[in-house]
file start_19.pdb (PDB, C-alpha atoms)
ATOM      1  CA  MET A 159     115.227  98.493  66.930  1.00  0.00           C
ATOM      2  CA  SER A 160     117.625  97.054  69.524  1.00  0.00           C
ATOM      3  CA  SER A 161     117.718  93.544  70.971  1.00  0.00           C
ATOM      4  CA  LEU A 162     115.609  94.884  73.859  1.00  0.00           C
ATOM      5  CA  ALA A 163     112.507  94.966  71.652  1.00  0.00           C
ATOM      6  CA  VAL A 164     109.441  93.080  72.854  1.00  0.00           C
ATOM      7  CA  GLN A 165     107.510  90.650  70.686  1.00  0.00           C
ATOM      8  CA  CYS A 166     103.764  90.204  70.335  1.00  0.00           C
ATOM      9  CA  PRO A 167     102.903  87.025  72.314  1.00  0.00           C
ATOM     10  CA  LYS A 168     100.611  85.810  69.534  1.00  0.00           C
ATOM     11  CA  CYS A 169     102.372  86.520  66.210  1.00  0.00           C
ATOM     12  CA  ARG A 170     105.935  87.264  67.471  1.00  0.00           C
ATOM     13  CA  MET A 171     106.178  90.569  65.632  1.00  0.00           C
ATOM     14  CA  LEU A 172     108.634  93.052  67.149  1.00  0.00           C
ATOM     15  CA  LEU A 173     106.796  95.914  68.803  1.00  0.00           C
ATOM     16  CA  SER A 174     108.056  99.474  68.954  1.00  0.00           C
ATOM     17  CA  ALA A 175     108.764 101.417  72.139  1.00  0.00           C
ATOM     18  CA  GLY A 176     105.744 103.626  71.404  1.00  0.00           C
ATOM     19  CA  ALA A 177     103.442 100.634  71.919  1.00  0.00           C
ATOM     20  CA  MET A 178     104.565 100.200  75.520  1.00  0.00           C
ATOM     21  CA  ASN A 179     103.318 101.849  78.698  1.00  0.00           C
ATOM     22  CA  GLN A 180     100.029 102.952  77.146  1.00  0.00           C
ATOM     23  CA  ALA A 181      96.987 103.509  79.357  1.00  0.00           C
ATOM     24  CA  THR A 182      94.662 101.472  77.108  1.00  0.00           C
ATOM     25  CA  LEU A 183      94.841  98.327  75.021  1.00  0.00           C
ATOM     26  CA  ILE A 184      96.363  98.853  71.569  1.00  0.00           C
ATOM     27  CA  PRO A 185      96.175  96.467  68.592  1.00  0.00           C
ATOM     28  CA  CYS A 186      99.231  94.574  67.368  1.00  0.00           C
ATOM     29  CA  PRO A 187     100.264  95.987  63.941  1.00  0.00           C
ATOM     30  CA  ALA A 188     100.453  92.481  62.421  1.00  0.00           C
ATOM     31  CA  CYS A 189      97.716  90.314  63.973  1.00  0.00           C
ATOM     32  CA  ASN A 190      95.474  93.012  65.491  1.00  0.00           C
ATOM     33  CA  SER A 191      95.477  91.308  68.921  1.00  0.00           C
ATOM     34  CA  PRO A 192      94.795  93.725  71.788  1.00  0.00           C
ATOM     35  CA  LEU A 193      97.952  94.347  73.828  1.00  0.00           C
ATOM     36  CA  GLN A 194      98.993  96.307  76.881  1.00  0.00           C
ATOM     37  CA  MET A 195     102.668  96.260  77.860  1.00  0.00           C
ATOM     38  CA  GLU A 196     104.425  97.777  80.861  1.00  0.00           C
ATOM     39  CA  ALA A 197     108.193  98.308  80.746  1.00  0.00           C
ATOM     40  CA  PHE A 198     110.660  99.976  83.095  1.00  0.00           C
ATOM     41  CA  PRO A 199     111.807 103.375  81.788  1.00  0.00           C
ATOM     42  CA  ALA A 200     115.440 102.187  82.005  1.00  0.00           C
ATOM     43  CA  LEU A 201     114.706  99.784  79.135  1.00  0.00           C
ATOM     44  CA  PHE A 202     114.573 102.756  76.754  1.00  0.00           C
ATOM     45  CA  ARG A 203     117.249 104.941  78.305  1.00  0.00           C
ATOM     46  CA  ARG A 204     120.178 105.424  75.975  1.00  0.00           C
ATOM     47  CA  ASN A 205     123.736 105.053  77.223  1.00  0.00           C
ATOM     48  CA  LEU A 206     126.732 107.111  76.090  1.00  0.00           C
ATOM     49  CA  ARG A 207     127.070 105.069  72.875  1.00  0.00           C
ATOM     50  CA  GLY A 208     123.462 105.820  72.020  1.00  0.00           C
ATOM     51  CA  GLU A 209     122.406 102.211  72.575  1.00  0.00           C
ATOM     52  CA  LEU A 210     119.211 101.312  74.408  1.00  0.00           C
ATOM     53  CA  GLY A 211     119.570  99.930  77.918  1.00  0.00           C
ATOM     54  CA  ALA A 212     122.489 100.424  80.243  1.00  0.00           C
ATOM     55  CA  ALA A 213     125.030  98.075  78.668  1.00  0.00           C
ATOM     56  CA  ALA A 214     128.640  98.128  79.811  1.00  0.00           C
ATOM     57  CA  LEU A 215     130.448 100.949  77.997  1.00  0.00           C
ATOM     58  CA  MET A 216     134.004  99.616  77.967  1.00  0.00           C
ATOM     59  CA  ASP A 217     135.795  96.346  78.592  1.00  0.00           C
ATOM     60  CA  ASP A 218     137.388  97.627  81.798  1.00  0.00           C
ATOM     61  CA  GLU A 219     134.124  98.961  83.236  1.00  0.00           C
ATOM     62  CA  SER A 220     132.374  97.231  86.124  1.00  0.00           C
ATOM     63  CA  THR A 221     129.334  95.182  85.275  1.00  0.00           C
ATOM     64  CA  CYS A 222     126.339  94.069  87.302  1.00  0.00           C
ATOM     65  CA  PHE A 223     126.792  90.909  89.405  1.00  0.00           C
ATOM     66  CA  ASN A 224     123.460  89.528  88.171  1.00  0.00           C
ATOM     67  CA  HIS A 225     123.622  90.879  84.587  1.00  0.00           C
ATOM     68  CA  PRO A 226     127.178  90.637  83.210  1.00  0.00           C
ATOM     69  CA  THR A 227     126.320  92.638  80.080  1.00  0.00           C
ATOM     70  CA  ARG A 228     124.911  95.625  81.965  1.00  0.00           C
ATOM     71  CA  GLN A 229     126.850  98.535  83.423  1.00  0.00           C
ATOM     72  CA  ALA A 230     127.151  98.655  87.220  1.00  0.00           C
ATOM     73  CA  VAL A 231     125.903 101.887  88.735  1.00  0.00           C
ATOM     74  CA  ILE A 232     126.266 101.284  92.483  1.00  0.00           C
ATOM     75  CA  PRO A 233     127.529  98.653  94.942  1.00  0.00           C
ATOM     76  CA  CYS A 234     125.255  96.880  97.427  1.00  0.00           C
ATOM     77  CA  GLN A 235     125.800  98.420 100.868  1.00  0.00           C
ATOM     78  CA  ASN A 236     125.562  95.006 102.527  1.00  0.00           C
ATOM     79  CA  CYS A 237     127.583  92.577 100.379  1.00  0.00           C
ATOM     80  CA  GLY A 238     129.446  94.976  98.057  1.00  0.00           C
ATOM     81  CA  ARG A 239     128.266  93.375  94.805  1.00  0.00           C
ATOM     82  CA  PHE A 240     128.052  95.756  91.859  1.00  0.00           C
ATOM     83  CA  LEU A 241     124.480  96.392  90.717  1.00  0.00           C
ATOM     84  CA  CYS A 242     122.929  97.753  87.545  1.00  0.00           C
ATOM     85  CA  ALA A 243     119.993 100.172  87.684  1.00  0.00           C
ATOM     86  CA  LEU A 244     117.570  97.255  87.413  1.00  0.00           C
ATOM     87  CA  CYS A 245     119.012  95.362  90.424  1.00  0.00           C
ATOM     88  CA  ASP A 246     119.464  98.422  92.647  1.00  0.00           C
ATOM     89  CA  CYS A 247     116.901  98.353  95.453  1.00  0.00           C
ATOM     90  CA  GLU A 248     116.931 101.698  97.266  1.00  0.00           C
ATOM     91  CA  LEU A 249     115.479 101.703 100.756  1.00  0.00           C
ATOM     92  CA  GLY A 250     115.730 104.690 103.059  1.00  0.00           C
ATOM     93  CA  GLY A 251     118.679 106.158 101.165  1.00  0.00           C
ATOM     94  CA  GLU A 252     120.583 102.850 101.222  1.00  0.00           C
ATOM     95  CA  HIS A 253     121.155 100.586  98.216  1.00  0.00           C
ATOM     96  CA  PHE A 254     120.795  96.794  98.410  1.00  0.00           C
ATOM     97  CA  CYS A 255     120.880  93.902  95.951  1.00  0.00           C
ATOM     98  CA  PRO A 256     117.686  91.798  95.787  1.00  0.00           C
ATOM     99  CA  SER A 257     119.249  88.870  97.689  1.00  0.00           C
ATOM    100  CA  CYS A 258     120.482  91.079 100.568  1.00  0.00           C
ATOM    101  CA  LEU A 259     117.099  92.793 100.711  1.00  0.00           C
ATOM    102  CA  GLU A 260     115.365  89.421 101.031  1.00  0.00           C
ATOM    103  CA  ALA A 261     117.912  88.191 103.600  1.00  0.00           C
ATOM    104  CA  GLY A 262     117.495  91.427 105.564  1.00  0.00           C
ATOM    105  CA  ARG A 263     113.740  90.940 105.586  1.00  0.00           C
ATOM    106  CA  THR A 264     113.891  87.355 106.831  1.00  0.00           C
ATOM    107  CA  THR A 265     116.610  87.961 109.453  1.00  0.00           C
ATOM    108  CA  ARG A 266     115.135  91.379 110.420  1.00  0.00           C
ATOM    109  CA  LYS A 267     118.536  93.069 110.118  1.00  0.00           C
ATOM    110  CA  ILE A 268     117.226  95.901 107.935  1.00  0.00           C
ATOM    111  CA  LYS A 269     115.210  98.058 110.342  1.00  0.00           C
ATOM    112  CA  SER A 270     113.203  99.676 107.524  1.00  0.00           C
ATOM    113  CA  LEU A 271     111.681  96.262 106.753  1.00  0.00           C
ATOM    114  CA  GLU A 272     110.613  95.330 110.280  1.00  0.00           C
ATOM    115  CA  ASN A 273     107.125  93.925 110.623  1.00  0.00           C
ATOM    116  CA  GLN A 274     107.288  93.345 114.383  1.00  0.00           C
ATOM    117  CA  ARG A 275     109.246  94.815 117.241  1.00  0.00           C
ATOM    118  CA  THR A 276     109.993  93.860 120.855  1.00  0.00           C
ATOM    119  CA  LEU A 277     108.804  96.613 123.148  1.00  0.00           C
ATOM    120  CA  TYR A 278     111.558  96.607 125.766  1.00  0.00           C
ATOM    121  CA  ASP A 279     110.116  99.690 127.441  1.00  0.00           C
ATOM    122  CA  SER A 280     106.878  97.813 128.193  1.00  0.00           C
ATOM    123  CA  ILE A 281     108.844  94.805 129.467  1.00  0.00           C
ATOM    124  CA  ALA A 282     110.925  97.012 131.779  1.00  0.00           C
ATOM    125  CA  LEU A 283     107.831  98.763 133.133  1.00  0.00           C
ATOM    126  CA  ALA A 284     106.014  95.453 133.656  1.00  0.00           C
ATOM    127  CA  LEU A 285     109.022  94.072 135.550  1.00  0.00           C
ATOM    128  CA  ALA A 286     108.967  97.128 137.798  1.00  0.00           C
ATOM    129  CA  ILE A 287     105.202  97.291 138.457  1.00  0.00           C
ATOM    130  CA  ALA A 288     103.819  93.728 138.289  1.00  0.00           C
ATOM    131  CA  PRO A 289     105.514  92.281 141.382  1.00  0.00           C
ATOM    132  CA  ILE A 290     104.853  95.336 143.593  1.00  0.00           C
ATOM    133  CA  PHE A 291     101.961  93.543 145.342  1.00  0.00           C
ATOM    134  CA  THR A 292     104.175  90.578 146.162  1.00  0.00           C
ATOM    135  CA  LEU A 293     106.961  92.570 147.758  1.00  0.00           C
ATOM    136  CA  TYR A 294     109.533  89.783 147.864  1.00  0.00           C
ATOM    137  CA  PHE A 295     109.694  89.382 144.054  1.00  0.00           C
ATOM    138  CA  THR A 296     110.831  92.966 143.656  1.00  0.00           C
ATOM    139  CA  LEU A 297     114.210  91.901 145.041  1.00  0.00           C
ATOM    140  CA  ILE A 298     114.741  90.064 141.732  1.00  0.00           C
ATOM    141  CA  THR A 299     112.557  92.007 139.306  1.00  0.00           C
ATOM    142  CA  ALA A 300     113.758  95.532 140.214  1.00  0.00           C
ATOM    143  CA  PRO A 301     117.372  94.879 139.116  1.00  0.00           C
ATOM    144  CA  MET A 302     116.035  93.034 136.056  1.00  0.00           C
ATOM    145  CA  SER A 303     113.854  96.017 135.181  1.00  0.00           C
ATOM    146  CA  LEU A 304     116.811  98.393 135.535  1.00  0.00           C
ATOM    147  CA  TYR A 305     118.944  96.139 133.338  1.00  0.00           C
ATOM    148  CA  VAL A 306     116.300  95.847 130.576  1.00  0.00           C
ATOM    149  CA  ALA A 307     115.595  99.601 130.608  1.00  0.00           C
ATOM    150  CA  LEU A 308     119.239 100.685 130.546  1.00  0.00           C
ATOM    151  CA  ARG A 309     120.445  97.935 128.175  1.00  0.00           C
ATOM    152  CA  ASN A 310     117.756  98.692 125.563  1.00  0.00           C
ATOM    153  CA  TRP A 311     117.574 102.485 125.988  1.00  0.00           C
ATOM    154  CA  ASN A 312     118.561 103.054 122.326  1.00  0.00           C
ATOM    155  CA  ALA A 313     116.615 100.110 120.899  1.00  0.00           C
ATOM    156  CA  PRO A 314     113.846 100.992 118.420  1.00  0.00           C
ATOM    157  CA  ARG A 315     110.690 101.847 120.324  1.00  0.00           C
ATOM    158  CA  SER A 316     107.084 101.297 119.386  1.00  0.00           C
ATOM    159  CA  ILE A 317     105.968 102.838 116.127  1.00  0.00           C
ATOM    160  CA  VAL A 318     102.717 103.879 117.806  1.00  0.00           C
ATOM    161  CA  HIS A 319     104.192 105.449 120.982  1.00  0.00           C
ATOM    162  CA  PRO A 320     107.781 106.481 120.159  1.00  0.00           C
ATOM    163  CA  SER A 321     108.741 108.005 123.513  1.00  0.00           C
ATOM    164  CA  ARG A 322     110.938 106.984 126.446  1.00  0.00           C
ATOM    165  CA  VAL A 323     108.299 107.625 129.133  1.00  0.00           C
ATOM    166  CA  LYS A 324     107.958 103.928 129.980  1.00  0.00           C
ATOM    167  CA  TYR A 325     111.723 103.558 130.269  1.00  0.00           C
ATOM    168  CA  ILE A 326     111.893 106.551 132.615  1.00  0.00           C
ATOM    169  CA  MET A 327     108.993 105.284 134.737  1.00  0.00           C
ATOM    170  CA  ALA A 328     110.552 101.795 134.911  1.00  0.00           C
ATOM    171  CA  ILE A 329     113.932 103.222 135.948  1.00  0.00           C
ATOM    172  CA  ILE A 330     112.364 105.416 138.670  1.00  0.00           C
ATOM    173  CA  ILE A 331     110.139 102.663 140.113  1.00  0.00           C
ATOM    174  CA  ALA A 332     112.888 100.017 139.957  1.00  0.00           C
ATOM    175  CA  SER A 333     115.425 102.410 141.507  1.00  0.00           C
ATOM    176  CA  LEU A 334     113.033 103.149 144.393  1.00  0.00           C
ATOM    177  CA  GLN A 335     112.557  99.415 144.906  1.00  0.00           C
ATOM    178  CA  VAL A 336     116.327  98.797 144.901  1.00  0.00           C
ATOM    179  CA  VAL A 337     116.850 101.686 147.354  1.00  0.00           C
ATOM    180  CA  GLY A 338     114.047 100.298 149.535  1.00  0.00           C
ATOM    181  CA  TRP A 339     115.634  96.849 149.623  1.00  0.00           C
ATOM    182  CA  ALA A 340     119.034  98.390 150.341  1.00  0.00           C
ATOM    183  CA  ALA A 341     117.491 100.347 153.256  1.00  0.00           C
ATOM    184  CA  ILE A 342     115.878  97.165 154.606  1.00  0.00           C
ATOM    185  CA  PHE A 343     119.191  95.287 154.436  1.00  0.00           C
ATOM    186  CA  VAL A 344     121.046  98.164 156.136  1.00  0.00           C
ATOM    187  CA  PHE A 345     118.359  98.359 158.844  1.00  0.00           C
ATOM    188  CA  PHE A 346     118.537  94.633 159.596  1.00  0.00           C
ATOM    189  CA  TYR A 347     122.334  94.655 159.437  1.00  0.00           C
ATOM    190  CA  ASN A 348     122.486  97.522 161.986  1.00  0.00           C
ATOM    191  CA  LEU A 349     119.943  95.727 164.169  1.00  0.00           C
ATOM    192  CA  TYR A 350     122.030  92.571 164.027  1.00  0.00           C
ATOM    193  CA  GLN A 351     125.192  94.564 164.914  1.00  0.00           C
ATOM    194  CA  ARG A 352     123.507  96.138 167.981  1.00  0.00           C
ATOM    195  CA  ARG A 353     122.299  92.811 169.308  1.00  0.00           C
ATOM    196  CA  ASN A 354     125.650  91.082 168.808  1.00  0.00           C
ATOM    197  CA  GLY A 355     127.880  94.077 169.425  1.00  0.00           C
TER     198      GLY A 355
END

call {"tool": "encode", "arguments": {"input": "start_19.pdb", "output": "structure tokens"}}
result
Amino acid sequence: MSSLAVQCPKCRMLLSAGAMNQATLIPCPACNSPLQMEAFPALFRRNLRGELGAAALMDDESTCFNHPTRQAVIPCQNCGRFLCALCDCELGGEHFCPSCLEAGRTTRKIKSLENQRTLYDSIALALAIAPIFTLYFTLITAPMSLYVALRNWNAPRSIVHPSRVKYIMAIIIASLQVVGWAAIFVFFYNLYQRRNG
């Protein structure tokens, strides 16, 4: 048995690989204590030398950043650290080390791990519609609505309603408001020119 063998927690006898990953409790061969052990399949995978586990094969071979005795299989796509099969965290076809995965979760830089999202389409639509009853505010909110809608056009949308309908509605309403204000300014400018001209 290799150094990767697991011991009985009661009598410290080395247990065979056949005792692991069983659906029911099995007795320890020495002390008869009931045991149930779960182990990753990679623990029993043999490398090219026929040894258990994925140990480094040669002195010049890359090893895992976290486990210097284990063979590196892939680099982290965020920090570039070499990872063994145990440290490789695959998420949406990308490979991360555990620390980058945790940092990506807390800073929300990994989009697959998002647990909340700003709905810019709803903000843009609210900026376009809410001040319509107080006409003077649309002078400020219509350009703001256009900016939010156009600036965040490619931002991730709601998981529930993943369409651009709100963006399109916000752009149309805000554009009409901007055109309306422009027409009012042109009208008053022409009126001013006639009176003073």

call {"tool": "closest_residue", "arguments": {"input": "start_19.pdb", "among": "A:Ile331, A:Ala177, A:Ala282, A:Ala243", "to": "Asn310 of chain A", "atoms": "only C-alpha atoms"}}
result
A:Ala282

call {"tool": "residues_around", "arguments": {"input": "start_19.pdb", "residues": "Ser303 of chain A", "least_positions_apart": "6", "cutoff": "7 Å", "atoms": "only C-alpha atoms", "output": "MDAnalysis selection string"}}
result
chainID A and resid 282:283 285:286 328 332

call {"tool": "closest_atom_pairs", "arguments": {"input": "start_19.pdb", "of": "segment 238-328 of chain A", "to": "segment 228-234 of chain A", "cutoff": "7 Å", "atoms": "only C-alpha atoms", "output": "tab-separated table"}}
result
residue	atom	partner	partner_atom	distance
A:Gly238	CA	A:Cys234	CA	4.6
A:Arg239	CA	A:Cys234	CA	5.3
A:Phe240	CA	A:Pro233	CA	4.3
A:Leu241	CA	A:Ala230	CA	4.9
A:Cys242	CA	A:Ala230	CA	4.3
A:Ala243	CA	A:Val231	CA	6.2
A:His253	CA	A:Cys234	CA	5.6
A:Phe254	CA	A:Cys234	CA	4.6
A:Cys255	CA	A:Cys234	CA	5.5

call {"tool": "axis_aligned_box", "arguments": {"input": "start_19.pdb", "around": "segment 236-247 of chain A", "padding_each_side": "8 Å", "output": "JSON"}}
result
{"center_x": 123.2, "center_y": 96.4, "center_z": 95.0, "size_x": 28.5, "size_y": 23.6, "size_z": 31.1}

call {"tool": "resolve_selection", "arguments": {"input": "start_19.pdb", "expression": "the PyMOL selection byres ((chain A and resi 329) around 10)", "output": "list of chain:residue names"}}
result
A:Asp279, A:Ala282, A:Leu283, A:Ala286, A:Ala300, A:Pro301, A:Ser303, A:Leu304, A:Tyr305, A:Val306, A:Ala307, A:Leu308, A:Val323, A:Lys324, A:Tyr325, A:Ile326, A:Met327, A:Ala328, A:Ile330, A:Ile331, A:Ala332, A:Ser333, A:Leu334, A:Gln335

call {"tool": "atom_distance", "arguments": {"input": "start_19.pdb", "atom1": "atom CA of Pro187 of chain A", "atom2": "atom CA of Leu173 of chain A"}}
result
8.1 Å

call {"tool": "atom_distance", "arguments": {"input": "start_19.pdb", "atom1": "atom CA of Arg353 of chain A", "atom2": "atom CA of Ala340 of chain A"}}
result
20.0 Å

call {"tool": "atom_distance", "arguments": {"input": "start_19.pdb", "atom1": "atom CA of Cys222 of chain A", "atom2": "atom CA of Leu172 of chain A"}}
result
26.8 Å

call {"tool": "closest_residue", "arguments": {"input": "start_19.pdb", "among": "A:Ser280, A:Lys168, A:Asp246, A:Trp339", "to": "Phe295 of chain A", "atoms": "all atoms listed in the file"}}
result
A:Trp339

call {"tool": "resolve_selection", "arguments": {"input": "start_19.pdb", "expression": "the PyMOL selection byres ((chain A and resi 193) around 6)", "output": "JSON, numbers by chain"}}
result
{"A": [183, 184, 185, 192, 194]}

call {"tool": "residues_around", "arguments": {"input": "start_19.pdb", "residues": "Pro256 of chain A", "least_positions_apart": "2", "cutoff": "8 Å", "atoms": "only C-alpha atoms", "output": "list in words"}}
result
Cys245, Asp246, Cys247, Phe254, Cys258, Leu259 and Glu260 of chain A

call {"tool": "write_last_selection", "arguments": {"input": "start_19.pdb", "atoms": "C-alpha atoms", "output": "PDB file, in the coordinates of the input"}}
result
ATOM      1  CA  CYS A 245     119.012  95.362  90.424  1.00  0.00           C
ATOM      2  CA  ASP A 246     119.464  98.422  92.647  1.00  0.00           C
ATOM      3  CA  CYS A 247     116.901  98.353  95.453  1.00  0.00           C
ATOM      4  CA  PHE A 254     120.795  96.794  98.410  1.00  0.00           C
ATOM      5  CA  CYS A 258     120.482  91.079 100.568  1.00  0.00           C
ATOM      6  CA  LEU A 259     117.099  92.793 100.711  1.00  0.00           C
ATOM      7  CA  GLU A 260     115.365  89.421 101.031  1.00  0.00           C
TER       8      GLU A 260
END

call {"tool": "closest_residue", "arguments": {"input": "start_19.pdb", "among": "A:Thr292, A:Leu297, A:Ala313, A:Gln235", "to": "Thr276 of chain A", "atoms": "all atoms listed in the file"}}
result
A:Ala313

call {"tool": "closest_residue", "arguments": {"input": "start_19.pdb", "among": "A:Gly338, A:Leu277, A:Glu248, A:Ser191", "to": "Ser321 of chain A", "atoms": "only C-alpha atoms"}}
result
A:Leu277
